[in-house]
$ cat protein-v8.csv   # CSV, C-alpha atoms and all ligand atoms
chain,number,residue,atom,x,y,z
U,1,MET,CA,8.8,62.4,43.7
U,2,LEU,CA,12.5,62.6,43.0
U,3,THR,CA,13.9,65.4,40.7
U,4,PHE,CA,17.0,65.1,38.6
U,5,HIS,CA,18.9,68.3,38.0
U,6,SER,CA,22.4,69.4,37.0
U,7,PRO,CA,24.1,72.8,37.3
U,8,ASP,CA,25.7,72.1,33.9
U,9,THR,CA,22.4,72.8,32.2
U,10,GLN,CA,23.1,76.5,33.0
U,11,LEU,CA,26.2,76.4,30.7
U,12,ARG,CA,23.8,77.2,27.9
U,13,GLN,CA,23.5,81.0,27.9
U,14,PRO,CA,23.1,82.3,24.4
U,15,ALA,CA,23.2,86.1,24.0
U,16,SER,CA,20.1,86.5,22.0
U,17,GLU,CA,17.2,85.1,20.0
U,18,LEU,CA,15.6,86.2,16.7
U,19,HIS,CA,12.0,86.9,17.6
U,20,GLY,CA,9.5,89.1,15.9
U,21,GLY,CA,12.1,90.5,13.6
U,22,GLU,CA,14.4,91.7,16.3
U,23,MET,CA,17.1,90.2,18.5
U,24,VAL,CA,15.7,89.7,22.0
U,25,SER,CA,17.0,88.1,25.3
U,26,PRO,CA,16.3,84.4,24.9
U,27,PHE,CA,13.0,83.1,26.3
U,28,GLU,CA,14.6,79.7,27.0
U,29,CYS,CA,16.9,81.1,29.8
U,30,PRO,CA,18.7,79.7,32.9
U,31,ALA,CA,16.3,81.5,35.3
U,32,ARG,CA,13.6,78.9,34.2
U,33,VAL,CA,15.6,76.2,36.0
U,34,GLU,CA,16.4,78.4,39.1
U,35,ILE,CA,12.7,79.2,39.6
U,36,ILE,CA,11.6,75.7,39.2
U,37,LEU,CA,14.2,74.5,41.7
U,38,ARG,CA,13.1,77.2,44.2
U,39,HIS,CA,9.5,76.0,44.0
U,40,LEU,CA,10.5,72.3,44.2
U,41,ARG,CA,12.4,73.0,47.4
U,42,ALA,CA,9.6,75.1,48.9
U,43,SER,CA,7.0,72.5,48.1
U,44,ALA,CA,9.1,69.6,49.5
U,45,LEU,CA,8.3,67.5,46.5
U,46,GLY,CA,11.3,65.3,47.3
U,47,GLU,CA,15.0,64.9,47.0
U,48,ILE,CA,16.9,66.6,44.2
U,49,ARG,CA,19.7,64.5,42.7
U,50,ALA,CA,22.4,64.9,40.1
U,51,PRO,CA,22.7,62.4,37.3
U,52,HIS,CA,25.9,60.6,36.4
U,53,SER,CA,27.3,60.8,32.8
U,54,TYR,CA,25.9,58.2,30.4
U,55,GLY,CA,28.3,59.3,27.6
U,56,LEU,CA,27.2,59.7,24.0
U,57,ASP,CA,26.1,56.1,23.2
U,58,PRO,CA,22.5,56.7,24.2
U,59,VAL,CA,22.5,59.9,22.1
U,60,LEU,CA,23.9,58.0,19.1
U,61,ALA,CA,21.1,55.5,19.4
U,62,VAL,CA,18.6,58.2,18.1
U,63,HIS,CA,20.8,60.9,16.6
U,64,ASP,CA,23.2,60.7,13.5
U,65,ARG,CA,26.9,60.7,14.2
U,66,GLY,CA,27.5,63.5,11.8
U,67,TYR,CA,25.0,65.7,13.5
U,68,VAL,CA,26.5,65.0,17.0
U,69,ASP,CA,30.0,65.7,15.7
U,70,PHE,CA,28.7,69.0,14.1
U,71,LEU,CA,27.2,70.1,17.5
U,72,ALA,CA,30.3,69.1,19.3
U,73,GLY,CA,32.6,71.3,17.1
U,74,CYS,CA,30.3,74.1,16.0
U,75,TRP,CA,31.3,76.7,18.4
U,76,ASP,CA,35.1,76.2,17.9
U,77,THR,CA,34.7,76.1,14.1
U,78,TRP,CA,32.7,79.3,14.1
U,79,GLN,CA,35.4,81.0,16.3
U,80,SER,CA,38.2,79.7,14.0
U,81,ALA,CA,36.4,81.1,11.0
U,82,GLY,CA,36.7,84.5,12.6
U,83,LEU,CA,33.0,85.0,12.6
U,84,PRO,CA,31.5,87.5,15.1
U,85,GLY,CA,28.5,86.7,17.2
U,86,GLU,CA,27.1,83.3,17.9
U,87,PRO,CA,26.7,80.4,15.4
U,88,THR,CA,23.2,81.1,14.0
U,89,PRO,CA,21.6,79.4,11.0
U,90,SER,CA,20.5,81.8,8.2
U,91,VAL,CA,20.4,79.7,5.0
U,92,TRP,CA,18.6,76.4,4.3
U,93,PRO,CA,18.4,73.6,1.7
U,94,SER,CA,14.9,74.8,1.1
U,95,ARG,CA,12.4,73.6,-1.6
U,96,ARG,CA,13.9,73.9,-5.1
U,97,MET,CA,17.4,73.3,-3.7
U,98,ARG,CA,19.4,70.2,-3.1
U,99,GLY,CA,19.5,68.7,0.4
U,100,ASP,CA,21.8,65.8,-0.2
U,101,ARG,CA,25.2,67.4,0.1
U,102,ILE,CA,26.5,68.7,3.4
U,103,PRO,CA,28.4,72.0,2.9
U,104,GLU,CA,31.9,72.3,4.3
U,105,HIS,CA,31.6,75.9,5.4
U,106,ILE,CA,30.2,76.2,9.0
U,107,ASP,CA,27.6,78.7,7.8
U,108,GLY,CA,26.3,76.2,5.3
U,109,LYS,CA,26.5,73.3,7.8
U,110,LEU,CA,24.5,75.3,10.4
U,111,GLY,CA,21.7,75.6,7.8
U,112,TYR,CA,21.9,71.9,6.9
U,113,TYR,CA,21.5,70.8,10.5
U,114,ALA,CA,19.0,73.5,11.7
U,115,LEU,CA,15.2,73.6,11.4
U,116,ALA,CA,14.8,77.3,12.3
U,117,ALA,CA,16.8,80.5,13.0
U,118,GLU,CA,15.8,81.4,16.5
U,119,THR,CA,18.3,79.0,18.2
U,120,ALA,CA,21.9,80.2,18.4
U,121,ILE,CA,24.7,78.0,19.6
U,122,CYS,CA,26.9,79.2,22.4
U,123,ALA,CA,30.2,78.0,24.0
U,124,GLY,CA,28.4,75.9,26.6
U,125,THR,CA,25.6,74.5,24.4
U,126,PHE,CA,27.0,71.1,23.8
U,127,ALA,CA,27.9,70.6,27.5
U,128,ALA,CA,24.4,71.7,28.6
U,129,ALA,CA,22.8,69.4,26.0
U,130,GLN,CA,24.8,66.5,27.4
U,131,ALA,CA,23.7,67.3,31.0
U,132,SER,CA,20.1,67.6,29.8
U,133,LYS,CA,20.1,64.1,28.3
U,134,ASP,CA,21.9,62.7,31.4
U,135,ILE,CA,19.1,64.1,33.5
U,136,ALA,CA,16.5,62.4,31.3
U,137,LEU,CA,18.3,59.1,31.4
U,138,ALA,CA,18.9,59.1,35.2
U,139,ALA,CA,15.2,60.0,35.8
U,140,THR,CA,14.1,57.2,33.5
U,141,ASP,CA,16.4,54.7,35.2
U,142,HIS,CA,15.1,55.8,38.6
U,143,VAL,CA,11.5,55.1,37.4
U,144,LEU,CA,12.4,51.7,36.0
U,145,ASP,CA,14.5,50.6,39.0
U,146,ASN,CA,12.2,51.8,41.7
U,147,ALA,CA,8.7,51.8,40.2
U,148,ALA,CA,8.3,55.4,41.4
U,149,PRO,CA,7.8,58.5,39.3
U,150,ALA,CA,10.5,61.0,38.6
U,151,PHE,CA,11.0,64.5,37.2
U,152,GLY,CA,13.9,65.4,34.9
U,153,LEU,CA,14.6,69.1,35.1
U,154,CYS,CA,15.9,69.1,31.6
U,155,ARG,CA,17.4,72.1,29.9
U,156,PRO,CA,17.9,72.7,27.0
U,157,PRO,CA,14.6,71.1,26.0
U,158,GLY,CA,14.5,68.3,23.4
U,159,HIS,CA,11.2,67.6,21.6
U,160,HIS,CA,12.0,69.7,18.4
U,161,ALA,CA,15.4,67.9,17.9
U,162,ALA,CA,15.1,65.4,15.1
U,163,SER,CA,17.6,62.6,14.3
U,164,ASP,CA,19.9,65.2,12.5
U,165,GLN,CA,18.3,68.6,13.3
U,166,PHE,CA,18.4,71.2,16.1
U,167,GLY,CA,16.2,74.2,16.6
U,168,GLY,CA,13.2,75.4,18.7
U,169,TYR,CA,15.8,75.7,21.6
U,170,CYS,CA,16.4,71.9,21.3
U,171,PHE,CA,19.6,69.9,20.5
U,172,PHE,CA,19.3,66.4,21.8
U,173,ASN,CA,15.9,64.9,22.0
U,174,ASN,CA,15.8,64.0,25.7
U,175,ALA,CA,12.5,62.1,25.6
U,176,ALA,CA,13.5,60.1,22.5
U,177,ILE,CA,16.9,59.2,24.1
U,178,ALA,CA,15.1,58.2,27.3
U,179,ALA,CA,12.5,56.0,25.4
U,180,GLN,CA,15.2,54.3,23.3
U,181,HIS,CA,17.2,53.7,26.5
U,182,ALA,CA,14.2,52.1,28.2
U,183,LEU,CA,13.7,49.8,25.1
U,184,ASP,CA,17.4,48.9,25.2
U,185,ARG,CA,17.0,47.9,28.8
U,186,GLY,CA,14.4,45.4,27.7
U,187,LEU,CA,11.1,47.1,27.6
U,188,SER,CA,8.9,46.5,24.5
U,189,ARG,CA,6.4,49.4,24.6
U,190,VAL,CA,7.0,53.0,25.6
U,191,ALA,CA,4.5,55.8,25.2
U,192,ILE,CA,5.5,59.5,24.9
U,193,LEU,CA,2.8,62.0,25.7
U,194,ASP,CA,3.8,65.5,24.6
U,195,VAL,CA,1.8,68.2,26.4
U,196,ASP,CA,4.0,71.2,25.5
U,197,TYR,CA,2.2,73.9,23.5
U,198,HIS,CA,4.4,73.2,20.5
U,199,HIS,CA,4.3,70.1,18.4
U,200,GLY,CA,7.1,67.6,19.2
U,201,ASN,CA,8.2,67.3,15.6
U,202,GLY,CA,11.6,65.8,16.5
U,203,THR,CA,10.1,63.0,18.6
U,204,GLN,CA,7.5,62.3,16.0
U,205,GLN,CA,10.2,62.0,13.3
U,206,ILE,CA,12.5,59.7,15.3
U,207,PHE,CA,9.8,57.1,15.9
U,208,TYR,CA,7.5,57.7,12.9
U,209,ASP,CA,8.0,54.2,11.4
U,210,ARG,CA,8.1,52.3,14.6
U,211,ASP,CA,5.4,50.6,16.8
U,212,ASP,CA,7.5,50.2,19.9
U,213,VAL,CA,7.1,53.9,20.8
U,214,LEU,CA,3.6,55.4,20.7
U,215,PHE,CA,3.9,59.2,20.3
U,216,LEU,CA,1.0,61.5,21.1
U,217,SER,CA,1.1,65.3,21.0
U,218,LEU,CA,-1.4,68.0,22.0
U,219,HIS,CA,-0.3,71.3,20.5
U,220,GLY,CA,-1.1,74.5,18.7
U,221,ASP,CA,-2.3,73.8,15.2
U,222,PRO,CA,0.8,74.0,12.9
U,223,LEU,CA,-1.2,76.3,10.6
U,224,GLU,CA,-1.0,78.8,13.4
U,225,ALA,CA,2.0,77.8,15.5
U,226,PHE,CA,5.7,76.9,15.5
U,227,PRO,CA,7.1,74.6,14.1
U,228,TYR,CA,4.5,75.2,11.3
U,229,PHE,CA,5.6,72.3,9.0
U,230,LEU,CA,4.7,69.2,11.0
U,231,GLY,CA,2.0,68.2,13.5
U,232,HIS,CA,-1.2,67.8,11.5
U,233,ALA,CA,-3.8,65.2,12.5
U,234,ASP,CA,-3.3,63.2,9.3
U,235,GLU,CA,0.3,62.3,10.4
U,236,THR,CA,-0.4,58.9,11.9
U,237,GLY,CA,2.9,57.0,11.3
U,238,SER,CA,4.2,54.8,8.5
U,239,GLY,CA,5.1,51.2,7.9
U,240,ARG,CA,5.1,49.3,11.2
U,241,GLY,CA,4.5,52.6,12.8
U,242,ALA,CA,1.2,53.2,11.1
U,243,GLY,CA,-1.3,54.1,13.8
U,244,TYR,CA,1.4,54.8,16.4
U,245,ASN,CA,1.7,58.6,15.9
U,246,VAL,CA,-1.3,60.6,17.2
U,247,ASN,CA,-1.5,64.4,16.8
U,248,TYR,CA,-4.1,66.6,18.4
U,249,PRO,CA,-3.7,70.0,16.8
U,250,LEU,CA,-5.8,72.6,18.7
U,251,PRO,CA,-6.7,76.2,17.7
U,252,THR,CA,-5.4,79.4,19.1
U,253,GLY,CA,-7.3,80.3,22.3
U,254,THR,CA,-7.9,76.7,23.3
U,255,ASP,CA,-9.1,76.6,27.0
U,256,TYR,CA,-8.8,73.8,29.5
U,257,PRO,CA,-12.1,72.1,28.9
U,258,ARG,CA,-11.2,71.7,25.2
U,259,TRP,CA,-7.6,70.8,25.9
U,260,CYS,CA,-8.7,68.2,28.5
U,261,GLN,CA,-11.0,66.6,26.0
U,262,ALA,CA,-8.0,65.9,23.8
U,263,LEU,CA,-6.0,64.7,26.8
U,264,GLU,CA,-8.8,62.2,27.7
U,265,GLN,CA,-8.7,60.9,24.1
U,266,ALA,CA,-4.9,60.6,24.3
U,267,MET,CA,-5.1,58.8,27.7
U,268,GLN,CA,-7.6,56.3,26.2
U,269,ARG,CA,-5.2,55.6,23.4
U,270,ILE,CA,-2.3,55.2,25.8
U,271,GLY,CA,-4.4,52.8,28.0
U,272,ASP,CA,-5.2,50.6,24.9
U,273,TYR,CA,-1.5,50.5,24.0
U,274,ARG,CA,-0.5,49.1,27.5
U,275,PRO,CA,3.0,50.7,27.6
U,276,GLU,CA,5.5,49.7,30.3
U,277,LEU,CA,6.7,53.3,30.6
U,278,LEU,CA,5.1,56.7,30.1
U,279,ILE,CA,7.3,59.6,29.3
U,280,VAL,CA,5.6,63.0,29.6
U,281,SER,CA,7.2,65.8,27.5
U,282,LEU,CA,6.2,68.4,30.1
U,283,GLY,CA,6.0,71.9,28.6
U,284,VAL,CA,4.0,74.4,30.7
U,285,ASP,CA,3.8,77.0,27.8
U,286,THR,CA,0.1,76.0,27.5
U,287,TYR,CA,-0.3,78.6,30.4
U,288,GLU,CA,-2.6,81.5,29.7
U,289,HIS,CA,0.1,84.1,30.3
U,290,ASP,CA,2.9,82.4,28.4
U,291,PRO,CA,4.6,85.1,26.3
U,292,ILE,CA,5.1,83.1,23.1
U,293,SER,CA,2.1,80.6,23.1
U,294,ALA,CA,-1.7,80.9,22.6
U,295,PHE,CA,-3.6,78.4,24.9
U,296,LYS,CA,-5.5,79.4,27.9
U,297,LEU,CA,-4.7,77.0,30.8
U,298,ALA,CA,-4.9,78.5,34.3
U,299,SER,CA,-2.5,77.5,37.1
U,300,ASP,CA,-5.0,75.2,38.7
U,301,ASP,CA,-5.6,73.3,35.5
U,302,PHE,CA,-2.0,72.0,35.8
U,303,GLY,CA,-2.8,70.3,39.0
U,304,ASP,CA,-6.0,68.8,37.5
U,305,TYR,CA,-4.2,67.2,34.6
U,306,GLY,CA,-1.4,66.0,36.8
U,307,ARG,CA,-4.1,64.1,38.8
U,308,ARG,CA,-5.7,62.7,35.6
U,309,LEU,CA,-2.4,61.4,34.3
U,310,ALA,CA,-1.9,59.4,37.5
U,311,GLN,CA,-5.1,57.5,36.7
U,312,LEU,CA,-3.3,55.7,34.0
U,313,GLY,CA,-1.4,53.9,36.8
U,314,LEU,CA,1.8,53.7,34.7
U,315,PRO,CA,5.5,54.1,35.6
U,316,THR,CA,5.9,57.7,34.6
U,317,VAL,CA,8.8,60.0,34.0
U,318,PHE,CA,8.2,63.8,33.5
U,319,LEU,CA,10.8,65.6,31.4
U,320,LEU,CA,10.8,69.4,31.2
U,321,GLU,CA,10.3,70.9,27.7
U,322,GLY,CA,9.0,74.6,27.4
U,323,GLY,CA,7.4,77.2,29.5
U,324,TYR,CA,8.3,80.9,29.3
U,325,ALA,CA,6.2,82.7,31.9
U,326,VAL,CA,9.2,82.6,34.0
U,327,GLU,CA,7.7,83.9,37.3
U,328,GLU,CA,4.9,81.3,37.1
U,329,ILE,CA,6.9,78.4,35.6
U,330,GLY,CA,7.9,76.9,39.0
U,331,ARG,CA,4.4,77.0,40.4
U,332,ASN,CA,2.9,75.4,37.2
U,333,VAL,CA,5.4,72.6,37.0
U,334,VAL,CA,5.0,71.8,40.7
U,335,LYS,CA,1.2,71.7,40.3
U,336,VAL,CA,1.5,69.0,37.7
U,337,LEU,CA,3.9,66.9,39.8
U,338,HIS,CA,1.9,67.4,43.0
U,339,GLY,CA,-1.3,66.6,41.2
U,340,PHE,CA,0.2,63.4,39.9
U,341,GLU,CA,1.4,62.4,43.4
U,342,SER,CA,-1.7,63.3,45.3
U,343,ALA,CA,-4.0,61.3,43.0
Q,1,LIG,C1,9.9,81.8,14.8
Q,1,LIG,C2,9.3,81.5,16.2
Q,1,LIG,C3,10.1,80.6,16.9
Q,1,LIG,C4,10.3,79.2,18.8
Q,1,LIG,C5,9.5,78.5,19.8
Q,1,LIG,C6,10.2,77.3,20.4
Q,1,LIG,C7,9.4,76.5,21.4
Q,1,LIG,C8,10.3,75.5,22.1
Q,1,LIG,C9,9.5,74.6,23.0
Q,1,LIG,C10,10.4,73.7,23.7
Q,1,LIG,F1,9.8,72.8,24.5
Q,1,LIG,F2,11.2,73.0,22.9
Q,1,LIG,F3,11.2,74.4,24.5
Q,1,LIG,N1,9.6,80.2,18.1
Q,1,LIG,N2,9.4,83.0,14.3
Q,1,LIG,O1,8.7,75.3,24.0
Q,1,LIG,O2,8.6,73.8,22.2
Q,2,ZN,ZN,6.8,74.7,23.6
$ encode --input "protein-v8.csv" --output "structure tokens"
Amino acid sequence: MLTFHSPDTQLRQPASELHGGEMVSPFECPARVEIILRHLRASALGEIRAPHSYGLDPVLAVHDRGYVDFLAGCWDTWQSAGLPGEPTPSVWPSRRMRGDRIPEHIDGKLGYYALAAETAICAGTFAAAQASKDIALAATDHVLDNAAPAFGLCRPPGHHAASDQFGGYCFFNNAAIAAQHALDRGLSRVAILDVDYHHGNGTQQIFYDRDDVLFLSLHGDPLEAFPYFLGHADETGSGRGAGYNVNYPLPTGTDYPRWCQALEQAMQRIGDYRPELLIVSLGVDTYEHDPISAFKLASDDFGDYGRRLAQLGLPTVFLLEGGYAVEEIGRNVVKVLHGFESA
């Protein structure tokens, strides 16, 4: 299986993250990519290629122009305002306030376009986000052109990014951009299966009223886990999209047998939909030793579900989302990909 990777993803190096009431070294860090690369090379999974630039058109096909402009200029505007530290949201158009006017001050703009406070923007964030979506697009094109699976080593991740919101370490929704690109190439049905520990609220929002993208997500119950305010089972889609959004919220402590039951249900639904492309939002933060998540998957379970996914027999692109047990992230990612290939 081919991997797509770009060194530009490492341009995102924020100084800190708000976690547990203190500023800590960011969980979503460059070492994640380094360690996955090391394991990919050692396991001889296949060639590692760099993507070419697709520009911003595929981004603007799913994200608002104003949002993209904001991300492009945020760092410079923050610097020009003479603010210390990194652009970090700290105020929101919360309930009881108005959300229909975009503030002019960068501090207000950040809150308008953010979904949470843990994600700071740094000098290289926009460039890294662009590299990340190029990786997703190149991996998707490879799958469609060669009828062979591919892995996009995306960073930053994407599934929390909504049409006009960043947060949860995400800026451009790589999976959504890839799905829309596939549809724009002439496909009529794409399925996105999100196996990251966290609910893919951004992907859900982007396709919520559409039936050309089936979105399914297995994740920590939002009553117990980030992003808290989306991801319940009764969110099933609206309008034409009614029935094309499927959430499997699972409780804290969920182990592999229980997780796998939900996976089998999701796979059944995908099979019925008969998509021409499957995009897997691959987060390995379901791992038992992940520092910020609460499921109990063991390393071997990743190989097992990789094998199961292959049974769908679909053109498949894997795009990296989360996973923060940095020492084990490479092993767990490679297990999924190997499992898929060996099936
Ligand atoms: C606030 C807790 C904030 C943020 C967790 C973000 C998870 C990101 C991810 C992604 F795939 F996008 F990277 N925790 N008190 O793993 O879903
Ligand atoms: Zn996650």
$ residues_near_point --input "protein-v8.csv" --point "(4.8, 84.5, 24.1)" --cutoff "12 Å" --atoms "only C-alpha atoms" --output "list in words"
His19, Gly20, Pro26, Phe27, Glu28, Tyr197, His198, Ala225, Phe226, Asp285, Thr286, Tyr287, Glu288, His289, Asp290, Pro291, Ile292, Ser293, Ala294, Phe295, Gly322, Gly323, Tyr324, Ala325 and Val326 of chain U
$ residues_around --input "protein-v8.csv" --residues "region 266-278 of chain U" --least-positions-apart "6" --cutoff "9 Å" --atoms "all atoms listed in the file" --output "PDB file with C-alpha atoms, in the coordinates of the input"
ATOM      1  CA  THR U 140      14.100  57.200  33.500  1.00  0.00           C
ATOM      2  CA  VAL U 143      11.500  55.100  37.400  1.00  0.00           C
ATOM      3  CA  LEU U 144      12.400  51.700  36.000  1.00  0.00           C
ATOM      4  CA  ALA U 179      12.500  56.000  25.400  1.00  0.00           C
ATOM      5  CA  ALA U 182      14.200  52.100  28.200  1.00  0.00           C
ATOM      6  CA  LEU U 187      11.100  47.100  27.600  1.00  0.00           C
ATOM      7  CA  SER U 188       8.900  46.500  24.500  1.00  0.00           C
ATOM      8  CA  ARG U 189       6.400  49.400  24.600  1.00  0.00           C
ATOM      9  CA  VAL U 190       7.000  53.000  25.600  1.00  0.00           C
ATOM     10  CA  ALA U 191       4.500  55.800  25.200  1.00  0.00           C
ATOM     11  CA  ILE U 192       5.500  59.500  24.900  1.00  0.00           C
ATOM     12  CA  LEU U 193       2.800  62.000  25.700  1.00  0.00           C
ATOM     13  CA  ASP U 212       7.500  50.200  19.900  1.00  0.00           C
ATOM     14  CA  VAL U 213       7.100  53.900  20.800  1.00  0.00           C
ATOM     15  CA  LEU U 214       3.600  55.400  20.700  1.00  0.00           C
ATOM     16  CA  LEU U 216       1.000  61.500  21.100  1.00  0.00           C
ATOM     17  CA  SER U 217       1.100  65.300  21.000  1.00  0.00           C
ATOM     18  CA  LEU U 218      -1.400  68.000  22.000  1.00  0.00           C
ATOM     19  CA  VAL U 246      -1.300  60.600  17.200  1.00  0.00           C
ATOM     20  CA  TYR U 248      -4.100  66.600  18.400  1.00  0.00           C
ATOM     21  CA  ARG U 308      -5.700  62.700  35.600  1.00  0.00           C
ATOM     22  CA  LEU U 309      -2.400  61.400  34.300  1.00  0.00           C
ATOM     23  CA  LEU U 312      -3.300  55.700  34.000  1.00  0.00           C
ATOM     24  CA  LEU U 314       1.800  53.700  34.700  1.00  0.00           C
ATOM     25  CA  PRO U 315       5.500  54.100  35.600  1.00  0.00           C
ATOM     26  CA  THR U 316       5.900  57.700  34.600  1.00  0.00           C
ATOM     27  CA  VAL U 317       8.800  60.000  34.000  1.00  0.00           C
ATOM     28  CA  PHE U 318       8.200  63.800  33.500  1.00  0.00           C
TER      29      PHE U 318
END
$ atom_distance --input "protein-v8.csv" --atom1 "atom C1 of ligand LIG 1 (chain Q)" --atom2 "CA of Leu83 (chain U)"
23.4 Å
$ residues_near_point --input "protein-v8.csv" --point "(19.5, 52.1, 19.9)" --cutoff "8 Å" --atoms "all atoms listed in the file" --output "ChimeraX atom specification"
/U:58,60-62,180-181,184
$ closest_residue --input "protein-v8.csv" --among "U:Ala44, U:Ala50, U:Cys74, U:Ala129" --to "Asp107 (chain U)" --atoms "all atoms listed in the file"
U:Cys74
$ closest_residue --input "protein-v8.csv" --among "U:Ile135, U:Leu110, U:Ala117, U:Cys122" --to "Asp164 (chain U)" --atoms "only C-alpha atoms"
U:Leu110
$ residues_around --input "protein-v8.csv" --residues "region 118-121 of chain U" --least-positions-apart "3" --cutoff "8 Å" --atoms "all atoms listed in the file" --output "PyMOL selection string"
chain U and resi 14+16-19+74-75+86-89+125+167-170
$ atom_distance --input "protein-v8.csv" --atom1 "CA of Val33 (chain U)" --atom2 "atom C10 of ligand LIG 1 (chain Q)"
13.6 Å
$ closest_residue --input "protein-v8.csv" --among "U:Arg12, U:Arg95, U:His219, U:Arg210" --to "Thr236 (chain U)" --atoms "all atoms listed in the file"
U:Arg210
$ axis_aligned_box --input "protein-v8.csv" --around "ligand LIG 1 (chain Q)" --padding-each-side "8 Å" --output "lines of an AutoDock Vina configuration file"
center_x = 9.9
center_y = 77.9
center_z = 19.4
size_x = 18.6
size_y = 26.2
size_z = 26.2
$ residues_around --input "protein-v8.csv" --residues "His232 (chain U)" --least-positions-apart "4" --cutoff "8 Å" --atoms "only C-alpha atoms" --output "mmCIF file with C-alpha atoms, in the coordinates of the input"
data_model
loop_
_atom_site.group_PDB
_atom_site.id
_atom_site.type_symbol
_atom_site.label_atom_id
_atom_site.label_comp_id
_atom_site.auth_asym_id
_atom_site.auth_seq_id
_atom_site.Cartn_x
_atom_site.Cartn_y
_atom_site.Cartn_z
ATOM 1 C CA ASP U 221 -2.300 73.800 15.200
ATOM 2 C CA PRO U 222 0.800 74.000 12.900
ATOM 3 C CA ASN U 247 -1.500 64.400 16.800
ATOM 4 C CA TYR U 248 -4.100 66.600 18.400
ATOM 5 C CA PRO U 249 -3.700 70.000 16.800
#
$ atom_distance --input "protein-v8.csv" --atom1 "CA of Ala72 (chain U)" --atom2 "CA of Pro51 (chain U)"
20.7 Å
$ closest_residue --input "protein-v8.csv" --among "U:Asp141, U:Asp134, U:Asp196, U:Asp211" --to "ligand ZN 2 (chain Q)" --atoms "all atoms listed in the file"
U:Asp196
$ closest_residue --input "protein-v8.csv" --among "U:Phe166, U:Tyr244, U:Phe215, U:Tyr208" --to "ligand LIG 1 (chain Q)" --atoms "only C-alpha atoms and all ligand atoms"
U:Phe166
$ closest_residue --input "protein-v8.csv" --among "U:Leu250, U:Leu223, U:Ala161, U:Ala343" --to "Glu321 (chain U)" --atoms "only C-alpha atoms"
U:Ala161
$ residues_around --input "protein-v8.csv" --residues "region 330-338 of chain U" --least-positions-apart "2" --cutoff "9 Å" --atoms "only C-alpha atoms" --output "PDB file with C-alpha atoms, in the coordinates of the input"
ATOM      1  CA  MET U   1       8.800  62.400  43.700  1.00  0.00           C
ATOM      2  CA  ARG U  32      13.600  78.900  34.200  1.00  0.00           C
ATOM      3  CA  VAL U  33      15.600  76.200  36.000  1.00  0.00           C
ATOM      4  CA  GLU U  34      16.400  78.400  39.100  1.00  0.00           C
ATOM      5  CA  ILE U  35      12.700  79.200  39.600  1.00  0.00           C
ATOM      6  CA  ILE U  36      11.600  75.700  39.200  1.00  0.00           C
ATOM      7  CA  LEU U  37      14.200  74.500  41.700  1.00  0.00           C
ATOM      8  CA  ARG U  38      13.100  77.200  44.200  1.00  0.00           C
ATOM      9  CA  HIS U  39       9.500  76.000  44.000  1.00  0.00           C
ATOM     10  CA  LEU U  40      10.500  72.300  44.200  1.00  0.00           C
ATOM     11  CA  SER U  43       7.000  72.500  48.100  1.00  0.00           C
ATOM     12  CA  LEU U  45       8.300  67.500  46.500  1.00  0.00           C
ATOM     13  CA  ALA U 150      10.500  61.000  38.600  1.00  0.00           C
ATOM     14  CA  PHE U 151      11.000  64.500  37.200  1.00  0.00           C
ATOM     15  CA  LEU U 282       6.200  68.400  30.100  1.00  0.00           C
ATOM     16  CA  GLY U 283       6.000  71.900  28.600  1.00  0.00           C
ATOM     17  CA  VAL U 284       4.000  74.400  30.700  1.00  0.00           C
ATOM     18  CA  TYR U 287      -0.300  78.600  30.400  1.00  0.00           C
ATOM     19  CA  ALA U 298      -4.900  78.500  34.300  1.00  0.00           C
ATOM     20  CA  SER U 299      -2.500  77.500  37.100  1.00  0.00           C
ATOM     21  CA  ASP U 300      -5.000  75.200  38.700  1.00  0.00           C
ATOM     22  CA  ASP U 301      -5.600  73.300  35.500  1.00  0.00           C
ATOM     23  CA  PHE U 302      -2.000  72.000  35.800  1.00  0.00           C
ATOM     24  CA  GLY U 303      -2.800  70.300  39.000  1.00  0.00           C
ATOM     25  CA  ASP U 304      -6.000  68.800  37.500  1.00  0.00           C
ATOM     26  CA  TYR U 305      -4.200  67.200  34.600  1.00  0.00           C
ATOM     27  CA  GLY U 306      -1.400  66.000  36.800  1.00  0.00           C
ATOM     28  CA  ARG U 307      -4.100  64.100  38.800  1.00  0.00           C
ATOM     29  CA  PHE U 318       8.200  63.800  33.500  1.00  0.00           C
ATOM     30  CA  LEU U 320      10.800  69.400  31.200  1.00  0.00           C
ATOM     31  CA  VAL U 326       9.200  82.600  34.000  1.00  0.00           C
ATOM     32  CA  GLU U 327       7.700  83.900  37.300  1.00  0.00           C
ATOM     33  CA  GLU U 328       4.900  81.300  37.100  1.00  0.00           C
ATOM     34  CA  PHE U 340       0.200  63.400  39.900  1.00  0.00           C
ATOM     35  CA  GLU U 341       1.400  62.400  43.400  1.00  0.00           C
ATOM     36  CA  SER U 342      -1.700  63.300  45.300  1.00  0.00           C
ATOM     37  CA  ALA U 343      -4.000  61.300  43.000  1.00  0.00           C
TER      38      ALA U 343
END
$ residues_around --input "protein-v8.csv" --residues "Leu11 (chain U)" --least-positions-apart "5" --cutoff "10 Å" --atoms "all atoms listed in the file" --output "NGL selection string"
:U and (30 or 122-129 or 131 or 155-156)
